[in-house]
Amino acid sequence: MLWSAAGVVTLVFFVALEIVARRYGQLGPLTVQAQEIVLVPRSGPLLYAGLALTMVVLTWRQRAVALACAVGIDLVFLLVRLVVGGGLQFGNGALWVTLGIAGLAVVRRTGAERLLLLKGVGLGMLLVLGHKTGDTWLLITSKTRPEVLDPYVATADHALANPSWLVGQVVEATNPFSGHFLHLVYGQLPLAAALVGLYQLRNVAAERRFPAHHLVRTFLAIGLLGPAIYMIFPVVGPIYAYGAEGGQWAAANVWPDALPAIGVPHPIPFDEITPRNCMPSLHTAWATSLFVHTRKGSRGMRWAGTFWLVATLAATLGFGYHYGVDLVAGVVFALTIEAAMRAFAHGWDVSATRLVSYGTAVFTALLVAYRWLPTEMAAYPWAFGPLLLALLGSVIALYARTTALWDAAETVPVPKPAARPADAQPELA
């Protein structure tokens, strides 16, 4: 029943996005996905990543057959495109095989086996559709929010000493090495997450069930819920609002060489192209969830998770994509979503409710402060800067303490009933 309800809600959500996107003259995620069955795919690697997630429910022999079919179908499509003068894009085969597994589950499987296959297909398709949904969300933010709140966030960022300006200067001074390196890390965050997710799901085929909680669920939840905050708090980022990328729409062209003047913040108009995708920083949220999910892995995986988090934070600031306060909100947002996802597996007890409620309250307080107290935050950085970090630290500490108790409770062995001696007589009622 729960999976059916979730499926209906997801379908309604995608249909709604489709309608809104058509209203602004763009194709929605469902239409784009349907076109990729025969037309040139926009992202072949993403389609194969979705197939890889789907294949976690298959045996190794079935995976080999599925991958061979996907590659074979793609080769046919490539040959046809070469004949008609098309490009060398790939990915149709991966989509065909994923849909074929869904058809096989419906037609040839029953009961728990059918549900397992459909869960695998749903996971893979949600990864692909989630990316396209993000594109649609960003379009909606640029079309429906003609004004942005960057002056408020830039003013509030004085409480943290404007880290984007500082890191931006460091990146400029160390280019081209730092720029190429950070761009590589920043762009490959989804690949890193996919590898960690596949590692967590490596035993699904043998155990014939998914783990109670894994990284992919949190990644998808962050990607689907985060853009809704963009609509409430539209921000384009320092490189656009205060840098050369903003062109004639920029309030000033000072990033990262000089700090913006502290004045009375007000909304500023901006173009209908640049996404309002800064508050909160979803790259920070995704990197935080990646860091959290690598804590139980090997030493190499833990180091990789730490590296990706630090490098992602440096990239978001150094490229001028985010303000420092965006990152604080992103970490709180990620841990709150992560807590809610874990609560579904652990159970909604008092500790889960307290953790999610506190994270939500802190996140809300941050947005309220950025919007209505930015001037005070800039005027008293010695008070508001430590306060922001203390709030962030409190969420981190509560999450770590609560989940540690959950982990301890899950690892406590259940005592077995004492064996009755063979010669013992049963008690009479």
# chains A, B, ... in the order shown; residues from 1 in each chain; ligands from 1

$ select_by_dssp --residues "range 108-293 of chain A" --states "alpha helix (DSSP H)" --output "number ranges by chain"
A: 108, 111-144, 150-156, 163-173, 177-187, 189-200, 204-207, 215-232, 238-241, 282-293

$ residues_around --residues "Ser281 in chain A" --least-positions-apart "2" --cutoff "7 Å" --atoms "only C-alpha atoms" --output "VMD selection string"
chain A and resid 278 to 279 283 to 285 322 326 to 327 330

$ write_last_selection --atoms "N, CA, C and O atoms" --output "compact mmCIF listing (two decimals), in the first residue's frame"
# COMPACT_ATOMS: atom_id res chain seq x y z
N CYS A 278 20.52 28.81 -5.29
CA CYS A 278 21.58 28.95 -4.29
C CYS A 278 21.15 28.61 -2.87
O CYS A 278 21.97 28.13 -2.09
N MET A 279 19.94 28.90 -2.49
CA MET A 279 19.55 28.78 -1.08
C MET A 279 18.53 27.65 -0.91
O MET A 279 17.37 27.80 -1.34
N HIS A 283 24.53 21.26 -3.72
CA HIS A 283 25.81 20.55 -3.86
C HIS A 283 26.42 20.29 -2.47
O HIS A 283 26.97 19.21 -2.22
N THR A 284 26.31 21.27 -1.60
CA THR A 284 26.78 21.06 -0.22
C THR A 284 25.95 19.99 0.47
O THR A 284 26.49 19.13 1.19
N ALA A 285 24.63 20.02 0.26
CA ALA A 285 23.76 19.01 0.88
C ALA A 285 24.11 17.62 0.38
O ALA A 285 24.20 16.66 1.16
N HIS A 322 28.05 30.15 -4.63
CA HIS A 322 27.30 30.23 -3.38
C HIS A 322 27.97 31.19 -2.42
O HIS A 322 29.18 31.43 -2.48
N ASP A 326 24.83 30.08 2.46
CA ASP A 326 24.17 29.01 1.69
C ASP A 326 24.65 27.65 2.15
O ASP A 326 23.88 26.69 2.24
N LEU A 327 25.97 27.56 2.40
CA LEU A 327 26.57 26.29 2.79
C LEU A 327 26.08 25.86 4.17
O LEU A 327 25.82 24.66 4.40
N GLY A 330 22.76 24.53 3.69
CA GLY A 330 22.82 23.26 2.97
C GLY A 330 23.14 22.09 3.87
O GLY A 330 22.56 21.00 3.73

$ residues_around --residues "range 338-354 of chain A" --least-positions-apart "4" --cutoff "10 Å" --atoms "only C-alpha atoms" --output "PyMOL selection string"
chain A and resi 211-215+217-219+221-222+285+288-289+292-293+332-334+358-360+398-399+402-403+405-407+409-410

$ closest_residue --among "A:Val368, A:Leu355, A:Met125, A:Ala304" --to "Ala329 in chain A" --atoms "only C-alpha atoms"
A:Val368

$ closest_atom_pairs --of "range 76-164 of chain A" --to "range 54-70 of chain A" --cutoff "12 Å" --atoms "only C-alpha atoms" --output "Markdown table"
| residue | atom | partner | partner_atom | distance |
| --- | --- | --- | --- | --- |
| A:Val76 | CA | A:Ala70 | CA | 10.1 |
| A:Phe77 | CA | A:Ala70 | CA | 10.7 |
| A:Phe90 | CA | A:Ala70 | CA | 9.9 |
| A:Gly91 | CA | A:Ala70 | CA | 8.1 |
| A:Asn92 | CA | A:Ala70 | CA | 7.7 |
| A:Gly93 | CA | A:Ala70 | CA | 4.0 |
| A:Ala94 | CA | A:Ala70 | CA | 4.9 |
| A:Leu95 | CA | A:Ala70 | CA | 7.9 |
| A:Trp96 | CA | A:Ala70 | CA | 7.2 |
| A:Val97 | CA | A:Ala70 | CA | 5.9 |
| A:Thr98 | CA | A:Thr54 | CA | 6.9 |
| A:Leu99 | CA | A:Thr54 | CA | 10.0 |
| A:Gly100 | CA | A:Ala66 | CA | 9.4 |
| A:Ile101 | CA | A:Thr54 | CA | 8.5 |
| A:Ala102 | CA | A:Thr54 | CA | 9.7 |
| A:Ala105 | CA | A:Val57 | CA | 11.4 |
| A:Ala112 | CA | A:Val57 | CA | 12.0 |
| A:Glu113 | CA | A:Val57 | CA | 9.5 |
| A:Arg114 | CA | A:Val57 | CA | 10.7 |
| A:Leu115 | CA | A:Val57 | CA | 10.5 |
| A:Leu116 | CA | A:Val57 | CA | 6.9 |
| A:Leu117 | CA | A:Val57 | CA | 6.3 |
| A:Leu118 | CA | A:Thr54 | CA | 8.8 |
| A:Lys119 | CA | A:Thr54 | CA | 8.1 |
| A:Gly120 | CA | A:Thr54 | CA | 4.4 |
| A:Val121 | CA | A:Thr54 | CA | 5.0 |
| A:Gly122 | CA | A:Thr54 | CA | 7.7 |
| A:Leu123 | CA | A:Thr54 | CA | 6.5 |
| A:Gly124 | CA | A:Thr54 | CA | 5.0 |
| A:Met125 | CA | A:Thr54 | CA | 8.2 |
| A:Leu126 | CA | A:Thr54 | CA | 10.3 |
| A:Leu127 | CA | A:Thr54 | CA | 10.0 |
| A:Val128 | CA | A:Thr54 | CA | 11.3 |

$ decode --residues "range 95-109 of chain A" --atoms "all heavy atoms" --output "mmCIF file, in the first residue's frame"
data_model
loop_
_atom_site.group_PDB
_atom_site.id
_atom_site.type_symbol
_atom_site.label_atom_id
_atom_site.label_comp_id
_atom_site.auth_asym_id
_atom_site.auth_seq_id
_atom_site.Cartn_x
_atom_site.Cartn_y
_atom_site.Cartn_z
ATOM 1 N N LEU A 95 18.050 2.673 -21.635
ATOM 2 C CA LEU A 95 16.647 2.957 -21.338
ATOM 3 C C LEU A 95 15.758 1.807 -21.792
ATOM 4 O O LEU A 95 14.822 1.418 -21.079
ATOM 5 C CB LEU A 95 16.233 4.262 -22.012
ATOM 6 C CG LEU A 95 14.794 4.724 -21.766
ATOM 7 C CD1 LEU A 95 14.518 4.869 -20.278
ATOM 8 C CD2 LEU A 95 14.519 6.043 -22.482
ATOM 9 N N TRP A 96 16.031 1.255 -22.970
ATOM 10 C CA TRP A 96 15.240 0.127 -23.463
ATOM 11 C C TRP A 96 15.318 -1.061 -22.501
ATOM 12 O O TRP A 96 14.309 -1.697 -22.192
ATOM 13 C CB TRP A 96 15.744 -0.291 -24.849
ATOM 14 C CG TRP A 96 15.173 0.535 -25.975
ATOM 15 C CD1 TRP A 96 15.040 1.884 -26.011
ATOM 16 C CD2 TRP A 96 14.661 0.038 -27.213
ATOM 17 N NE1 TRP A 96 14.497 2.280 -27.204
ATOM 18 C CE2 TRP A 96 14.246 1.163 -27.973
ATOM 19 C CE3 TRP A 96 14.534 -1.221 -27.775
ATOM 20 C CZ2 TRP A 96 13.700 1.054 -29.238
ATOM 21 C CZ3 TRP A 96 13.993 -1.345 -29.062
ATOM 22 C CH2 TRP A 96 13.573 -0.210 -29.769
ATOM 23 N N VAL A 97 16.511 -1.381 -22.040
ATOM 24 C CA VAL A 97 16.669 -2.535 -21.152
ATOM 25 C C VAL A 97 15.992 -2.276 -19.808
ATOM 26 O O VAL A 97 15.349 -3.170 -19.242
ATOM 27 C CB VAL A 97 18.163 -2.850 -20.963
ATOM 28 C CG1 VAL A 97 18.349 -3.922 -19.892
ATOM 29 C CG2 VAL A 97 18.765 -3.321 -22.277
ATOM 30 N N THR A 98 16.114 -1.058 -19.285
ATOM 31 C CA THR A 98 15.446 -0.735 -18.019
ATOM 32 C C THR A 98 13.936 -0.919 -18.144
ATOM 33 O O THR A 98 13.293 -1.516 -17.267
ATOM 34 C CB THR A 98 15.765 0.714 -17.608
ATOM 35 O OG1 THR A 98 17.178 0.872 -17.481
ATOM 36 C CG2 THR A 98 15.109 1.057 -16.283
ATOM 37 N N LEU A 99 13.363 -0.400 -19.236
ATOM 38 C CA LEU A 99 11.928 -0.574 -19.453
ATOM 39 C C LEU A 99 11.581 -2.040 -19.698
ATOM 40 O O LEU A 99 10.510 -2.512 -19.305
ATOM 41 C CB LEU A 99 11.481 0.284 -20.639
ATOM 42 C CG LEU A 99 11.623 1.799 -20.456
ATOM 43 C CD1 LEU A 99 11.215 2.539 -21.729
ATOM 44 C CD2 LEU A 99 10.787 2.277 -19.274
ATOM 45 N N GLY A 100 12.500 -2.769 -20.342
ATOM 46 C CA GLY A 100 12.266 -4.192 -20.567
ATOM 47 C C GLY A 100 12.208 -4.975 -19.268
ATOM 48 O O GLY A 100 11.399 -5.907 -19.126
ATOM 49 N N ILE A 101 13.055 -4.614 -18.316
ATOM 50 C CA ILE A 101 13.018 -5.276 -17.007
ATOM 51 C C ILE A 101 11.680 -5.010 -16.315
ATOM 52 O O ILE A 101 11.109 -5.896 -15.675
ATOM 53 C CB ILE A 101 14.197 -4.793 -16.147
ATOM 54 C CG1 ILE A 101 15.519 -5.251 -16.768
ATOM 55 C CG2 ILE A 101 14.075 -5.316 -14.719
ATOM 56 C CD1 ILE A 101 16.737 -4.690 -16.075
ATOM 57 N N ALA A 102 11.172 -3.777 -16.465
ATOM 58 C CA ALA A 102 9.852 -3.465 -15.894
ATOM 59 C C ALA A 102 8.768 -4.320 -16.537
ATOM 60 O O ALA A 102 7.890 -4.863 -15.851
ATOM 61 C CB ALA A 102 9.547 -1.980 -16.074
ATOM 62 N N GLY A 103 8.827 -4.453 -17.869
ATOM 63 C CA GLY A 103 7.845 -5.296 -18.554
ATOM 64 C C GLY A 103 7.951 -6.753 -18.135
ATOM 65 O O GLY A 103 6.933 -7.434 -17.939
ATOM 66 N N LEU A 104 9.184 -7.237 -17.974
ATOM 67 C CA LEU A 104 9.386 -8.613 -17.526
ATOM 68 C C LEU A 104 8.795 -8.823 -16.138
ATOM 69 O O LEU A 104 8.174 -9.858 -15.859
ATOM 70 C CB LEU A 104 10.876 -8.923 -17.519
ATOM 71 C CG LEU A 104 11.291 -10.295 -16.973
ATOM 72 C CD1 LEU A 104 10.811 -11.393 -17.913
ATOM 73 C CD2 LEU A 104 12.805 -10.381 -16.800
ATOM 74 N N ALA A 105 8.975 -7.841 -15.261
ATOM 75 C CA ALA A 105 8.446 -7.968 -13.908
ATOM 76 C C ALA A 105 6.931 -8.068 -13.912
ATOM 77 O O ALA A 105 6.345 -8.868 -13.156
ATOM 78 C CB ALA A 105 8.893 -6.770 -13.065
ATOM 79 N N VAL A 106 6.278 -7.268 -14.748
ATOM 80 C CA VAL A 106 4.814 -7.245 -14.779
ATOM 81 C C VAL A 106 4.252 -8.508 -15.415
ATOM 82 O O VAL A 106 3.260 -9.090 -14.945
ATOM 83 C CB VAL A 106 4.320 -5.991 -15.520
ATOM 84 C CG1 VAL A 106 2.815 -6.035 -15.714
ATOM 85 C CG2 VAL A 106 4.721 -4.731 -14.763
ATOM 86 N N VAL A 107 4.898 -8.974 -16.491
ATOM 87 C CA VAL A 107 4.339 -10.080 -17.283
ATOM 88 C C VAL A 107 4.754 -11.449 -16.759
ATOM 89 O O VAL A 107 3.947 -12.378 -16.717
ATOM 90 C CB VAL A 107 4.746 -9.923 -18.765
ATOM 91 C CG1 VAL A 107 4.256 -11.109 -19.588
ATOM 92 C CG2 VAL A 107 4.198 -8.629 -19.330
ATOM 93 N N ARG A 108 6.027 -11.570 -16.338
ATOM 94 C CA ARG A 108 6.563 -12.896 -16.049
ATOM 95 C C ARG A 108 6.849 -13.166 -14.579
ATOM 96 O O ARG A 108 7.249 -14.265 -14.229
ATOM 97 C CB ARG A 108 7.863 -13.105 -16.840
ATOM 98 C CG ARG A 108 7.714 -12.971 -18.349
ATOM 99 C CD ARG A 108 6.881 -14.116 -18.916
ATOM 100 N NE ARG A 108 7.507 -15.385 -18.642
ATOM 101 C CZ ARG A 108 8.447 -15.955 -19.416
ATOM 102 N NH1 ARG A 108 8.860 -15.313 -20.515
ATOM 103 N NH2 ARG A 108 8.958 -17.127 -19.121
ATOM 104 N N ARG A 109 6.703 -12.196 -13.706
ATOM 105 C CA ARG A 109 7.009 -12.403 -12.296
ATOM 106 C C ARG A 109 5.781 -12.106 -11.444
ATOM 107 O O ARG A 109 4.879 -11.370 -11.848
ATOM 108 C CB ARG A 109 8.161 -11.496 -11.847
ATOM 109 C CG ARG A 109 9.471 -11.766 -12.576
ATOM 110 C CD ARG A 109 10.055 -13.119 -12.193
ATOM 111 N NE ARG A 109 11.377 -13.300 -12.763
ATOM 112 C CZ ARG A 109 11.611 -13.862 -13.951
ATOM 113 N NH1 ARG A 109 10.575 -14.290 -14.681
ATOM 114 N NH2 ARG A 109 12.840 -14.003 -14.398
#
